[in-house]
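Here is the file coords-v2.cif (mmCIF, C-alpha atoms).
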```
data_coords
#
loop_
_atom_site.label_atom_id
_atom_site.label_comp_id
_atom_site.auth_asym_id
_atom_site.auth_seq_id
_atom_site.Cartn_x
_atom_site.Cartn_y
_atom_site.Cartn_z
CA MET H 1 0.00 0.00 0.00
CA THR H 2 1.31 3.46 -0.86
CA TYR H 3 -0.44 5.81 1.54
CA SER H 4 1.15 8.50 3.68
CA ASN H 5 -1.88 9.38 5.84
CA THR H 6 -3.64 6.49 7.58
CA GLU H 7 -6.73 8.39 8.75
CA GLY H 8 -9.80 6.55 7.48
CA LEU H 9 -7.88 3.29 7.02
CA GLU H 10 -8.35 2.07 10.59
CA LYS H 11 -10.79 -0.68 9.61
CA LEU H 12 -8.24 -2.14 7.17
CA LEU H 13 -5.20 -1.63 9.40
CA ASN H 14 -6.90 -3.29 12.36
CA HIS H 15 -8.38 -6.22 10.43
CA THR H 16 -7.05 -9.51 11.75
CA GLU H 17 -6.84 -11.17 8.32
CA PHE H 18 -4.54 -8.57 6.74
CA ASN H 19 -0.91 -7.63 6.98
CA VAL H 20 -0.68 -4.06 5.74
CA ASP H 21 2.57 -2.32 4.83
CA ILE H 22 2.72 1.42 4.14
CA HIS H 23 5.19 2.89 1.66
CA PRO H 24 4.61 6.63 1.11
CA LYS H 25 5.22 7.54 -2.55
CA PRO H 26 7.73 4.79 -3.44
CA SER H 27 9.97 5.31 -6.45
CA GLN H 28 9.42 3.12 -9.50
CA GLU H 29 12.51 1.11 -8.62
CA LYS H 30 11.28 0.61 -5.06
CA LEU H 31 7.82 -0.46 -6.26
CA LEU H 32 9.38 -3.05 -8.57
CA GLN H 33 11.24 -4.49 -5.60
CA LEU H 34 8.17 -4.53 -3.35
CA ILE H 35 5.45 -5.77 -5.69
CA PRO H 36 6.20 -9.56 -5.72
CA ASP H 37 5.18 -9.82 -2.05
CA TYR H 38 1.71 -8.29 -2.29
CA ASP H 39 -1.80 -9.55 -3.02
CA GLY H 40 -3.36 -6.07 -3.10
CA LEU H 41 -2.23 -2.57 -3.89
CA LEU H 42 -3.83 0.69 -2.74
CA ILE H 43 -2.42 3.73 -4.49
CA ARG H 44 -2.89 7.44 -5.14
CA SER H 45 -2.27 9.31 -8.39
CA GLU H 46 1.49 9.78 -7.82
CA VAL H 47 2.20 6.05 -8.05
CA LYS H 48 2.50 4.58 -11.56
CA VAL H 49 1.56 0.92 -11.91
CA THR H 50 3.22 0.18 -15.23
CA LYS H 51 3.27 -2.96 -17.33
CA GLU H 52 6.69 -3.75 -15.86
CA VAL H 53 5.32 -3.51 -12.31
CA ILE H 54 2.38 -5.78 -13.15
CA GLU H 55 4.61 -8.33 -14.87
CA ARG H 56 6.89 -8.39 -11.83
CA SER H 57 3.96 -9.10 -9.49
CA ALA H 58 3.58 -12.71 -8.44
CA ASN H 59 0.43 -12.69 -6.27
CA LEU H 60 -1.31 -9.43 -7.13
CA LYS H 61 -5.09 -9.78 -7.43
CA LEU H 62 -6.41 -6.27 -6.79
CA ILE H 63 -5.27 -2.71 -7.51
CA VAL H 64 -7.35 0.03 -5.91
CA ARG H 65 -6.93 3.62 -7.00
CA ALA H 66 -7.93 5.85 -4.08
CA GLY H 67 -9.70 8.34 -6.31
CA THR H 68 -11.36 8.48 -9.70
CA GLY H 69 -8.77 8.45 -12.48
CA VAL H 70 -6.99 5.19 -13.26
CA ASP H 71 -4.73 6.41 -16.07
CA ASN H 72 -1.70 5.80 -13.83
CA ILE H 73 -2.43 2.06 -14.07
CA ASP H 74 -1.75 -0.09 -17.15
CA GLN H 75 -5.24 -1.59 -17.32
CA THR H 76 -4.47 -3.75 -20.34
CA ALA H 77 -1.55 -5.45 -18.59
CA ALA H 78 -3.62 -5.88 -15.42
CA THR H 79 -6.53 -7.40 -17.34
CA GLN H 80 -4.28 -9.81 -19.20
CA LYS H 81 -2.93 -11.03 -15.88
CA GLY H 82 -6.39 -11.31 -14.31
CA ILE H 83 -5.91 -8.46 -11.83
CA VAL H 84 -8.97 -6.45 -10.84
CA VAL H 85 -8.54 -2.68 -11.18
CA ALA H 86 -10.97 -0.66 -9.06
CA ASN H 87 -11.41 2.99 -8.15
CA ILE H 88 -13.30 5.13 -5.63
CA PRO H 89 -15.28 7.39 -7.94
CA GLY H 90 -17.55 9.28 -5.56
CA GLY H 91 -15.39 10.23 -2.60
CA ASN H 92 -13.89 13.38 -4.06
CA THR H 93 -16.92 14.71 -5.95
CA ILE H 94 -17.69 17.68 -3.73
CA SER H 95 -14.02 18.55 -3.17
CA ALA H 96 -13.26 18.57 -6.91
CA THR H 97 -16.45 20.53 -7.58
CA GLU H 98 -15.63 23.20 -5.04
CA HIS H 99 -12.06 23.51 -6.31
CA THR H 100 -13.40 24.02 -9.84
CA ILE H 101 -15.72 26.76 -8.60
CA ALA H 102 -12.86 28.36 -6.65
CA LEU H 103 -10.77 28.50 -9.83
CA LEU H 104 -13.74 29.83 -11.79
CA LEU H 105 -14.15 32.73 -9.36
CA ALA H 106 -10.42 33.35 -9.14
CA LEU H 107 -10.17 33.61 -12.92
CA SER H 108 -13.12 35.97 -13.22
CA ARG H 109 -11.74 38.39 -10.61
CA ASN H 110 -7.94 38.00 -11.08
CA ILE H 111 -7.65 37.13 -7.40
CA PRO H 112 -4.19 35.47 -7.32
CA GLN H 113 -2.59 38.22 -9.42
CA ALA H 114 -4.16 40.99 -7.33
CA HIS H 115 -3.06 39.24 -4.13
CA ALA H 116 0.53 38.91 -5.36
CA SER H 117 0.57 42.57 -6.45
CA LEU H 118 -0.69 43.83 -3.11
CA LYS H 119 1.78 41.62 -1.22
CA SER H 120 4.52 43.26 -3.30
CA GLY H 121 3.49 46.71 -2.03
CA ASN H 122 1.40 47.83 -5.03
CA TRP H 123 -2.15 49.19 -5.19
CA GLU H 124 -3.34 48.49 -8.75
CA ARG H 125 -7.14 48.47 -8.79
CA GLU H 126 -7.48 49.34 -12.48
CA LYS H 127 -5.08 46.61 -13.57
CA PHE H 128 -7.18 43.83 -12.06
CA THR H 129 -10.67 44.72 -13.24
CA GLY H 130 -12.59 41.46 -13.48
CA THR H 131 -15.74 40.14 -15.12
CA GLU H 132 -19.05 39.02 -13.61
CA LEU H 133 -20.20 35.43 -13.90
CA GLN H 134 -23.86 36.41 -14.22
CA ASN H 135 -25.16 35.93 -17.78
CA LYS H 136 -21.88 34.37 -18.90
CA VAL H 137 -21.89 31.02 -20.72
CA LEU H 138 -20.17 28.11 -18.98
CA GLY H 139 -19.35 25.21 -21.29
CA LEU H 140 -18.88 21.89 -19.53
CA ILE H 141 -17.12 19.07 -21.35
CA GLY H 142 -18.36 16.05 -19.41
CA LEU H 143 -21.58 15.99 -17.38
CA GLY H 144 -20.84 13.18 -14.94
CA ARG H 145 -20.82 13.42 -11.14
CA ILE H 146 -18.51 16.43 -10.89
CA GLY H 147 -19.78 18.16 -14.03
CA LYS H 148 -23.32 17.91 -12.67
CA GLU H 149 -22.37 19.49 -9.33
CA VAL H 150 -20.41 22.27 -11.06
CA ALA H 151 -23.46 23.00 -13.23
CA LYS H 152 -25.72 23.32 -10.19
CA ARG H 153 -23.39 25.81 -8.52
CA ALA H 154 -22.77 27.79 -11.71
CA LEU H 155 -26.53 28.21 -12.18
CA SER H 156 -26.72 29.80 -8.73
CA PHE H 157 -24.43 32.54 -10.05
CA GLY H 158 -26.83 33.22 -12.90
CA MET H 159 -24.65 31.60 -15.55
CA LYS H 160 -26.02 29.85 -18.61
CA VAL H 161 -24.72 26.27 -18.61
CA ILE H 162 -24.20 24.31 -21.82
CA ALA H 163 -22.59 20.87 -21.90
CA TYR H 164 -21.12 18.25 -24.19
CA ASP H 165 -21.39 14.62 -23.12
CA PRO H 166 -22.18 11.84 -25.61
CA TYR H 167 -23.26 9.52 -22.79
CA VAL H 168 -26.15 11.51 -21.32
CA THR H 169 -29.60 12.35 -22.66
CA ASP H 170 -31.20 15.72 -23.31
CA GLU H 171 -33.67 14.97 -20.54
CA TYR H 172 -30.89 14.33 -18.02
CA ALA H 173 -29.11 17.57 -18.96
CA LYS H 174 -32.36 19.56 -18.70
CA SER H 175 -33.08 18.08 -15.27
CA ILE H 176 -29.79 19.62 -14.11
CA GLY H 177 -30.46 22.94 -15.81
CA ALA H 178 -27.95 22.49 -18.63
CA GLU H 179 -28.41 22.34 -22.39
CA LEU H 180 -26.62 19.68 -24.44
CA LYS H 181 -24.53 21.02 -27.31
CA SER H 182 -21.98 19.71 -29.77
CA LEU H 183 -18.28 20.22 -29.09
CA GLU H 184 -18.18 22.80 -31.87
CA GLU H 185 -20.94 24.76 -30.13
CA ILE H 186 -19.19 24.51 -26.77
CA TYR H 187 -16.07 26.02 -28.31
CA SER H 188 -17.84 28.83 -30.16
CA GLN H 189 -20.38 29.86 -27.49
CA SER H 190 -18.59 29.52 -24.12
CA ASP H 191 -17.10 32.36 -22.11
CA PHE H 192 -15.69 29.79 -19.68
CA ILE H 193 -14.88 26.15 -20.49
CA SER H 194 -14.44 23.59 -17.70
CA LEU H 195 -13.24 20.04 -18.32
CA HIS H 196 -14.77 17.05 -16.54
CA THR H 197 -13.95 14.04 -18.68
CA PRO H 198 -11.63 11.04 -18.15
CA LEU H 199 -8.35 10.81 -20.02
CA ASN H 200 -8.43 8.23 -22.80
CA GLU H 201 -7.55 7.93 -26.47
CA SER H 202 -10.53 10.04 -27.54
CA THR H 203 -9.93 12.85 -25.03
CA LYS H 204 -6.12 13.11 -25.07
CA HIS H 205 -5.25 16.62 -26.28
CA LEU H 206 -8.93 17.34 -26.85
CA ILE H 207 -8.01 20.97 -26.21
CA ASN H 208 -5.43 21.61 -28.92
CA LYS H 209 -4.44 24.27 -31.45
CA GLU H 210 -7.36 23.44 -33.74
CA SER H 211 -10.02 23.44 -31.00
CA ILE H 212 -8.63 26.62 -29.44
CA ASN H 213 -8.95 28.40 -32.80
CA LYS H 214 -12.68 27.56 -32.75
CA MET H 215 -13.18 29.17 -29.34
CA LYS H 216 -14.52 32.59 -28.51
CA ASP H 217 -11.87 35.30 -28.26
CA GLY H 218 -11.04 35.85 -24.59
CA VAL H 219 -12.25 32.46 -23.40
CA ARG H 220 -11.20 31.26 -19.96
CA ILE H 221 -10.33 27.55 -19.49
CA ILE H 222 -10.41 25.48 -16.29
CA ASN H 223 -9.12 21.93 -15.89
CA CYS H 224 -9.50 19.95 -12.66
CA ALA H 225 -9.93 16.63 -14.51
CA ARG H 226 -6.82 15.05 -16.08
CA GLY H 227 -3.70 16.76 -17.38
CA GLY H 228 -3.40 15.16 -20.79
CA ILE H 229 -6.77 16.48 -21.96
CA ILE H 230 -5.04 19.79 -22.74
CA ASP H 231 -2.11 20.18 -25.11
CA GLU H 232 -0.07 22.47 -22.87
CA LYS H 233 1.97 23.87 -25.76
CA ALA H 234 -1.22 24.86 -27.59
CA LEU H 235 -2.62 26.37 -24.38
CA TYR H 236 0.57 28.38 -23.87
CA ASP H 237 0.44 29.71 -27.42
CA GLY H 238 -3.26 30.52 -27.07
CA ILE H 239 -2.66 32.58 -23.93
CA LYS H 240 0.38 34.34 -25.38
CA SER H 241 -1.56 35.32 -28.50
CA GLY H 242 -4.51 36.64 -26.46
CA LYS H 243 -6.97 34.16 -27.95
CA ILE H 244 -7.35 32.69 -24.46
CA HIS H 245 -7.82 35.35 -21.79
CA SER H 246 -6.61 33.10 -18.96
CA ALA H 247 -6.58 29.54 -17.67
CA ALA H 248 -6.63 27.69 -14.37
CA LEU H 249 -5.06 24.24 -14.17
CA ASP H 250 -5.00 21.80 -11.28
CA VAL H 251 -3.64 18.88 -13.34
CA PHE H 252 -0.81 18.61 -15.84
CA GLU H 253 0.58 16.36 -18.55
CA LYS H 254 3.55 15.64 -16.32
CA GLU H 255 3.31 15.78 -12.54
CA PRO H 256 4.92 17.32 -10.61
CA LEU H 257 4.93 20.22 -13.07
CA PRO H 258 8.52 20.62 -14.31
CA LYS H 259 10.28 23.71 -12.98
CA ASP H 260 11.13 24.74 -16.53
CA SER H 261 7.53 24.50 -17.77
CA PRO H 262 6.66 27.45 -20.04
CA LEU H 263 3.33 27.71 -18.22
CA LEU H 264 5.15 29.16 -15.22
CA GLU H 265 6.20 32.16 -17.33
CA LEU H 266 2.63 33.31 -17.93
CA GLU H 267 1.00 36.00 -15.80
CA ASN H 268 -2.64 35.25 -16.59
CA ILE H 269 -2.63 31.62 -15.54
CA LEU H 270 -3.53 30.05 -12.20
CA LEU H 271 -1.79 26.80 -11.29
CA THR H 272 -2.44 24.52 -8.32
CA PRO H 273 -0.65 21.21 -7.52
CA HIS H 274 -3.44 18.66 -8.10
CA LEU H 275 -5.57 19.79 -5.16
CA GLY H 276 -8.97 18.69 -6.51
CA ALA H 277 -9.41 15.93 -3.92
CA SER H 278 -7.21 17.50 -1.27
CA THR H 279 -9.68 18.19 1.50
CA GLU H 280 -9.75 16.47 4.87
CA GLU H 281 -13.28 15.22 4.24
CA ALA H 282 -12.52 13.73 0.81
CA GLN H 283 -9.33 12.02 1.98
CA ILE H 284 -11.08 10.33 4.90
CA LYS H 285 -14.11 9.34 2.81
CA ILE H 286 -11.93 7.85 0.06
CA ALA H 287 -9.77 5.98 2.59
CA GLN H 288 -12.83 4.50 4.30
CA GLU H 289 -14.38 3.37 1.02
CA SER H 290 -11.04 1.91 -0.09
CA SER H 291 -10.75 -0.07 3.14
CA GLU H 292 -14.24 -1.53 2.78
CA LEU H 293 -13.66 -2.39 -0.88
CA ILE H 294 -10.42 -4.26 -0.12
CA ILE H 295 -11.90 -6.12 2.87
CA ASP H 296 -14.98 -7.20 0.88
CA PHE H 297 -12.82 -8.39 -2.01
CA PHE H 298 -10.45 -10.57 0.01
CA THR H 299 -12.88 -11.84 2.67
CA LYS H 300 -16.18 -12.18 0.75
CA GLY H 301 -15.12 -12.29 -2.89
CA ILE H 302 -17.23 -9.21 -3.63
CA ILE H 303 -15.95 -7.04 -6.48
CA ARG H 304 -17.04 -3.39 -6.42
CA ASN H 305 -16.11 -0.39 -8.56
CA ALA H 306 -14.04 -2.51 -10.96
CA VAL H 307 -13.14 -0.71 -14.18
CA ASN H 308 -11.97 -3.75 -16.15
CA ILE H 309 -14.89 -6.16 -15.65
CA PRO H 310 -18.66 -5.71 -16.03
CA GLN H 311 -20.49 -4.46 -12.95
CA VAL H 312 -23.92 -5.47 -11.66
CA ASP H 313 -25.87 -4.14 -8.71
CA LEU H 314 -26.13 -6.18 -5.50
CA GLU H 315 -29.72 -7.30 -6.12
CA THR H 316 -28.87 -8.59 -9.60
CA PHE H 317 -25.79 -10.34 -8.22
CA LYS H 318 -27.95 -12.20 -5.68
CA ASN H 319 -30.30 -13.34 -8.46
CA ILE H 320 -27.56 -14.57 -10.79
CA LYS H 321 -25.28 -16.10 -8.14
CA PRO H 322 -26.67 -19.67 -8.59
CA TYR H 323 -26.22 -19.36 -12.34
CA LEU H 324 -22.60 -18.24 -11.89
CA ASP H 325 -21.82 -21.51 -10.15
CA LEU H 326 -23.77 -23.56 -12.69
CA SER H 327 -22.23 -21.87 -15.74
CA GLU H 328 -18.71 -22.33 -14.41
CA LYS H 329 -19.34 -26.05 -13.81
CA LEU H 330 -20.78 -26.43 -17.31
CA GLY H 331 -17.71 -24.73 -18.70
CA LEU H 332 -15.36 -26.92 -16.66
CA PHE H 333 -17.14 -30.05 -17.88
CA GLN H 334 -17.02 -29.03 -21.54
CA GLY H 335 -13.43 -27.85 -21.26
CA GLN H 336 -12.39 -31.33 -20.16
CA ILE H 337 -14.27 -33.32 -22.80
CA ILE H 338 -13.84 -31.09 -25.85
CA GLU H 339 -11.34 -32.07 -28.52
CA GLY H 340 -9.71 -29.80 -31.07
CA ARG H 341 -9.68 -26.03 -31.41
CA ILE H 342 -12.62 -23.97 -30.10
CA LYS H 343 -13.80 -21.56 -32.79
CA GLU H 344 -17.12 -20.30 -31.51
CA ILE H 345 -19.22 -20.39 -28.35
CA GLU H 346 -22.95 -19.66 -28.26
CA LEU H 347 -24.72 -19.14 -24.96
CA ILE H 348 -28.53 -19.17 -24.98
CA TYR H 349 -30.35 -17.81 -21.94
CA GLY H 350 -34.04 -18.66 -21.51
CA GLY H 351 -36.80 -17.88 -19.05
CA GLU H 352 -36.76 -15.33 -16.25
CA ILE H 353 -32.96 -15.06 -16.17
CA SER H 354 -33.00 -13.62 -19.70
CA ASN H 355 -34.24 -10.32 -18.25
CA LEU H 356 -31.12 -9.87 -16.09
CA ASN H 357 -27.64 -8.55 -16.80
CA LEU H 358 -25.83 -11.77 -17.71
CA SER H 359 -22.35 -10.50 -18.53
CA LEU H 360 -20.88 -12.12 -15.41
CA VAL H 361 -22.61 -15.44 -16.17
CA THR H 362 -20.93 -15.51 -19.58
CA LEU H 363 -17.57 -14.71 -17.98
CA SER H 364 -18.14 -17.45 -15.41
CA TYR H 365 -18.72 -19.97 -18.22
CA LEU H 366 -15.56 -18.84 -20.03
CA LYS H 367 -13.59 -19.10 -16.80
CA GLY H 368 -14.70 -22.71 -16.39
CA LEU H 369 -14.19 -23.61 -20.04
CA LEU H 370 -10.67 -22.19 -20.36
CA THR H 371 -9.28 -23.24 -16.97
CA PRO H 372 -8.61 -26.96 -17.80
CA ILE H 373 -7.30 -26.05 -21.27
CA LEU H 374 -4.72 -23.41 -20.30
CA ASP H 375 -1.80 -23.33 -17.91
CA ILE H 376 -2.46 -19.73 -16.82
CA LYS H 377 -4.85 -18.35 -14.21
CA VAL H 378 -8.27 -17.60 -15.70
CA ASN H 379 -10.80 -15.43 -13.85
CA PHE H 380 -13.59 -12.93 -14.42
CA VAL H 381 -11.08 -10.25 -15.37
CA ASN H 382 -9.12 -11.92 -18.15
CA ALA H 383 -11.49 -14.66 -19.40
CA SER H 384 -12.97 -12.54 -22.20
CA TYR H 385 -9.56 -11.19 -23.20
CA ILE H 386 -8.04 -14.70 -23.36
CA ALA H 387 -10.93 -15.95 -25.51
CA GLN H 388 -10.59 -13.04 -27.93
CA GLU H 389 -6.81 -13.44 -28.03
CA ARG H 390 -7.31 -17.03 -29.18
CA GLY H 391 -9.81 -16.06 -31.86
CA ILE H 392 -12.83 -17.58 -30.09
CA LYS H 393 -16.09 -15.91 -31.10
CA ILE H 394 -18.66 -15.50 -28.33
CA LYS H 395 -22.38 -15.20 -29.07
CA GLU H 396 -25.11 -14.50 -26.55
CA SER H 397 -28.82 -14.84 -27.25
CA LYS H 398 -31.91 -14.62 -25.08
CA VAL H 399 -35.33 -16.25 -25.38
CA SER H 400 -38.30 -15.43 -23.19
CA PHE H 401 -39.32 -19.05 -22.64
CA SER H 402 -37.55 -21.93 -20.91
CA GLU H 403 -36.46 -25.17 -22.61
CA ASP H 404 -35.12 -28.49 -21.39
#
```

I'd like the structure from this file rewritten - as structure tokens, please.
Amino acid sequence: MTYSNTEGLEKLLNHTEFNVDIHPKPSQEKLLQLIPDYDGLLIRSEVKVTKEVIERSANLKLIVRAGTGVDNIDQTAATQKGIVVANIPGGNTISATEHTIALLLALSRNIPQAHASLKSGNWEREKFTGTELQNKVLGLIGLGRIGKEVAKRALSFGMKVIAYDPYVTDEYAKSIGAELKSLEEIYSQSDFISLHTPLNESTKHLINKESINKMKDGVRIINCARGGIIDEKALYDGIKSGKIHSAALDVFEKEPLPKDSPLLELENILLTPHLGASTEEAQIKIAQESSELIIDFFTKGIIRNAVNIPQVDLETFKNIKPYLDLSEKLGLFQGQIIEGRIKEIELIYGGEISNLNLSLVTLSYLKGLLTPILDIKVNFVNASYIAQERGIKIKESKVSFSED
């Protein structure tokens, strides 16, 4: 475990079935030395769980990211090795929301610059004239948990909130008080743009030279999400040219921010060292949820908040639990009697069970089928990947009636 503050972890630390070691911010070399001994890993954003770390692990079954983003974990390598990757998505929602609003207000009123000027002995009221938030357009890219809370608070300032999120409906956005728009419309209409999306292949450098050119002149940009969403070189050029009035960043492409970063040269930029979740309340809440997740996983076999296997709610899990056992036994039986290469698998679900989420039942069958055939560990995490890797096609079909 790589935690420096143990508050909130008492339940895990005092559990009789666990031996917990604490290594505050270990170097990559140190982590490579430590990892073979551990069954579970609890980390923060500073620790990078690379492919090399995962390959070096001998017993690792669970990696828990104490927070939302899991881009510091090689999920592909973890999945291939059957390691569950989980996060704590809700613990820092309010803290990240409030930090975003703090940066929004600071940008609109030039607070950090005015503070620094006054501390230097100057009295420059005219230099730091700000802008009101009322009637300004806030463009949110991402309308998940944090985006939703930011929208609610921005509306209280009298702002007009527009949002881009391909995974929510118009009705959901309207229920919050926001209006769904295309990315192009977000760029062209927003006075302020705030980012609330995960970092992945589709969002890396989403804010770049091309997108900045489509923005309103004098736009202000806020990022408390993930660093790589913004191309920092393009942002720098946009601020220098005056296209972007100012920006506030809590996250960066490389952390800690290098001391020679060009961003540090700019006057109209506000930088904070990844403080989005850095409140006492969020840290304790995340630690408590992490403890419970780890205990449930190793003592009860319950998997929660996994990002690399399908998730079902507790009630559904109770309903499908007997079928998980049955499907695995069917798979084990067929895996031992089958001859030759498996090309295709078809699973037909009939009767009442066909109305449930059956993704875990399919994985349970694959786990049973592949276990006697292969000499590697097969579980819910890597079963689907192993089947695909071997060119096995998987078909699922449902019928409303039961058959013998």

| field | Resolved residues for the PyMOL selection byres ((chain H and resi 62-66) around 7) as a ChimeraX atom specification | value | /H:39-44,60-61,67,70,83-88,286-287,290

Output file for the residues above (C-alpha atoms, as an mmCIF file, in the coordinates of the input):
```cif
data_model
loop_
_atom_site.group_PDB
_atom_site.id
_atom_site.type_symbol
_atom_site.label_atom_id
_atom_site.label_comp_id
_atom_site.auth_asym_id
_atom_site.auth_seq_id
_atom_site.Cartn_x
_atom_site.Cartn_y
_atom_site.Cartn_z
ATOM 1 C CA ASP H 39 -1.800 -9.550 -3.020
ATOM 2 C CA GLY H 40 -3.360 -6.070 -3.100
ATOM 3 C CA LEU H 41 -2.230 -2.570 -3.890
ATOM 4 C CA LEU H 42 -3.830 0.690 -2.740
ATOM 5 C CA ILE H 43 -2.420 3.730 -4.490
ATOM 6 C CA ARG H 44 -2.890 7.440 -5.140
ATOM 7 C CA LEU H 60 -1.310 -9.430 -7.130
ATOM 8 C CA LYS H 61 -5.090 -9.780 -7.430
ATOM 9 C CA GLY H 67 -9.700 8.340 -6.310
ATOM 10 C CA VAL H 70 -6.990 5.190 -13.260
ATOM 11 C CA ILE H 83 -5.910 -8.460 -11.830
ATOM 12 C CA VAL H 84 -8.970 -6.450 -10.840
ATOM 13 C CA VAL H 85 -8.540 -2.680 -11.180
ATOM 14 C CA ALA H 86 -10.970 -0.660 -9.060
ATOM 15 C CA ASN H 87 -11.410 2.990 -8.150
ATOM 16 C CA ILE H 88 -13.300 5.130 -5.630
ATOM 17 C CA ILE H 286 -11.930 7.850 0.060
ATOM 18 C CA ALA H 287 -9.770 5.980 2.590
ATOM 19 C CA SER H 290 -11.040 1.910 -0.090
#
```

Compile a residue-level contact table for range 275-294 of chain H against range 222-245 of chain H at a cut-off of 10 Å, reporting for every qualifying residue the shortest atom pair and its distance in Å to one decimal, with only C-alpha atoms counted, rows ordered by chain and ascending number, as a Markdown table.
```
| residue | atom | partner | partner_atom | distance |
| --- | --- | --- | --- | --- |
| H:Leu275 | CA | H:Cys224 | CA | 8.5 |
| H:Gly276 | CA | H:Cys224 | CA | 6.3 |
| H:Ala277 | CA | H:Cys224 | CA | 9.6 |
```

| request: Mind checking which residues fall within 12 Å of Val47 in chain H, counting all atoms listed in the file, ignoring those fewer than 3 positions away in the same chain, and posting them as a count of residues only? | output: 30

| request: Compile the contact shell of Ile111 in chain H as JSON, numbers by chain: residues with an atom at most 12 Å away, counting only C-alpha atoms, same-chain residues fewer than 4 positions apart removed. | output: {"H": [102, 103, 104, 105, 106, 107, 115, 116, 117, 118, 125, 127, 128, 129, 130, 131, 248, 268, 269, 270]}

For the residues selected in the previous step, produce a file with C-alpha atoms as a PDB file, in the frame of the given file.
```pdb
ATOM      1  CA  ALA H 102     -12.860  28.360  -6.650  1.00  0.00           C
ATOM      2  CA  LEU H 103     -10.770  28.500  -9.830  1.00  0.00           C
ATOM      3  CA  LEU H 104     -13.740  29.830 -11.790  1.00  0.00           C
ATOM      4  CA  LEU H 105     -14.150  32.730  -9.360  1.00  0.00           C
ATOM      5  CA  ALA H 106     -10.420  33.350  -9.140  1.00  0.00           C
ATOM      6  CA  LEU H 107     -10.170  33.610 -12.920  1.00  0.00           C
ATOM      7  CA  HIS H 115      -3.060  39.240  -4.130  1.00  0.00           C
ATOM      8  CA  ALA H 116       0.530  38.910  -5.360  1.00  0.00           C
ATOM      9  CA  SER H 117       0.570  42.570  -6.450  1.00  0.00           C
ATOM     10  CA  LEU H 118      -0.690  43.830  -3.110  1.00  0.00           C
ATOM     11  CA  ARG H 125      -7.140  48.470  -8.790  1.00  0.00           C
ATOM     12  CA  LYS H 127      -5.080  46.610 -13.570  1.00  0.00           C
ATOM     13  CA  PHE H 128      -7.180  43.830 -12.060  1.00  0.00           C
ATOM     14  CA  THR H 129     -10.670  44.720 -13.240  1.00  0.00           C
ATOM     15  CA  GLY H 130     -12.590  41.460 -13.480  1.00  0.00           C
ATOM     16  CA  THR H 131     -15.740  40.140 -15.120  1.00  0.00           C
ATOM     17  CA  ALA H 248      -6.630  27.690 -14.370  1.00  0.00           C
ATOM     18  CA  ASN H 268      -2.640  35.250 -16.590  1.00  0.00           C
ATOM     19  CA  ILE H 269      -2.630  31.620 -15.540  1.00  0.00           C
ATOM     20  CA  LEU H 270      -3.530  30.050 -12.200  1.00  0.00           C
TER      21      LEU H 270
END
```

Residues matched by the PyMOL selection byres ((chain H and resi 360) around 10) as a PDB file with C-alpha atoms, keeping the file's coordinate frame:
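File result.pdb, as written:
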```pdb
ATOM      1  CA  ILE H 309     -14.890  -6.160 -15.650  1.00  0.00           C
ATOM      2  CA  PRO H 310     -18.660  -5.710 -16.030  1.00  0.00           C
ATOM      3  CA  GLN H 311     -20.490  -4.460 -12.950  1.00  0.00           C
ATOM      4  CA  VAL H 312     -23.920  -5.470 -11.660  1.00  0.00           C
ATOM      5  CA  PHE H 317     -25.790 -10.340  -8.220  1.00  0.00           C
ATOM      6  CA  ILE H 320     -27.560 -14.570 -10.790  1.00  0.00           C
ATOM      7  CA  LYS H 321     -25.280 -16.100  -8.140  1.00  0.00           C
ATOM      8  CA  TYR H 323     -26.220 -19.360 -12.340  1.00  0.00           C
ATOM      9  CA  LEU H 324     -22.600 -18.240 -11.890  1.00  0.00           C
ATOM     10  CA  SER H 327     -22.230 -21.870 -15.740  1.00  0.00           C
ATOM     11  CA  ASN H 357     -27.640  -8.550 -16.800  1.00  0.00           C
ATOM     12  CA  LEU H 358     -25.830 -11.770 -17.710  1.00  0.00           C
ATOM     13  CA  SER H 359     -22.350 -10.500 -18.530  1.00  0.00           C
ATOM     14  CA  VAL H 361     -22.610 -15.440 -16.170  1.00  0.00           C
ATOM     15  CA  THR H 362     -20.930 -15.510 -19.580  1.00  0.00           C
ATOM     16  CA  LEU H 363     -17.570 -14.710 -17.980  1.00  0.00           C
ATOM     17  CA  SER H 364     -18.140 -17.450 -15.410  1.00  0.00           C
ATOM     18  CA  TYR H 365     -18.720 -19.970 -18.220  1.00  0.00           C
ATOM     19  CA  LEU H 366     -15.560 -18.840 -20.030  1.00  0.00           C
ATOM     20  CA  PHE H 380     -13.590 -12.930 -14.420  1.00  0.00           C
ATOM     21  CA  VAL H 381     -11.080 -10.250 -15.370  1.00  0.00           C
TER      22      VAL H 381
END
```

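Considering all atoms listed in the file, the residue among H:Lys51, H:Leu183, H:Thr16, H:Thr68 positioned nearest to Asn305 in chain H is H:Thr68.
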
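Considering the residues H:Ala247, H:Ala383, H:Leu347, H:Leu133 and counting all atoms listed in the file, Leu330 in chain H has its shortest atom-to-atom contact with H:Leu347.
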
| field | Non-local contacts of His196 in chain H (12 Å; all atoms listed in the file; under 3 positions in same chain excluded) as number ranges by chain | value | H: 68-69, 93, 96-97, 100, 139-151, 163-165, 193, 199, 203, 206, 221-227, 229-230, 251, 276

| Separation of CA of Tyr385 in chain H from CA of Arg341 in chain H, in Å and rounded to one decimal |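 Atom-to-atom, CA of Tyr385 in chain H to CA of Arg341 in chain H, that is 17.0 Å.
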
| field | Interatomic distance, CA of Val137 in chain H to CA of Phe252 in chain H (Å, one decimal) | value |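 A separation of 24.9 Å between them.
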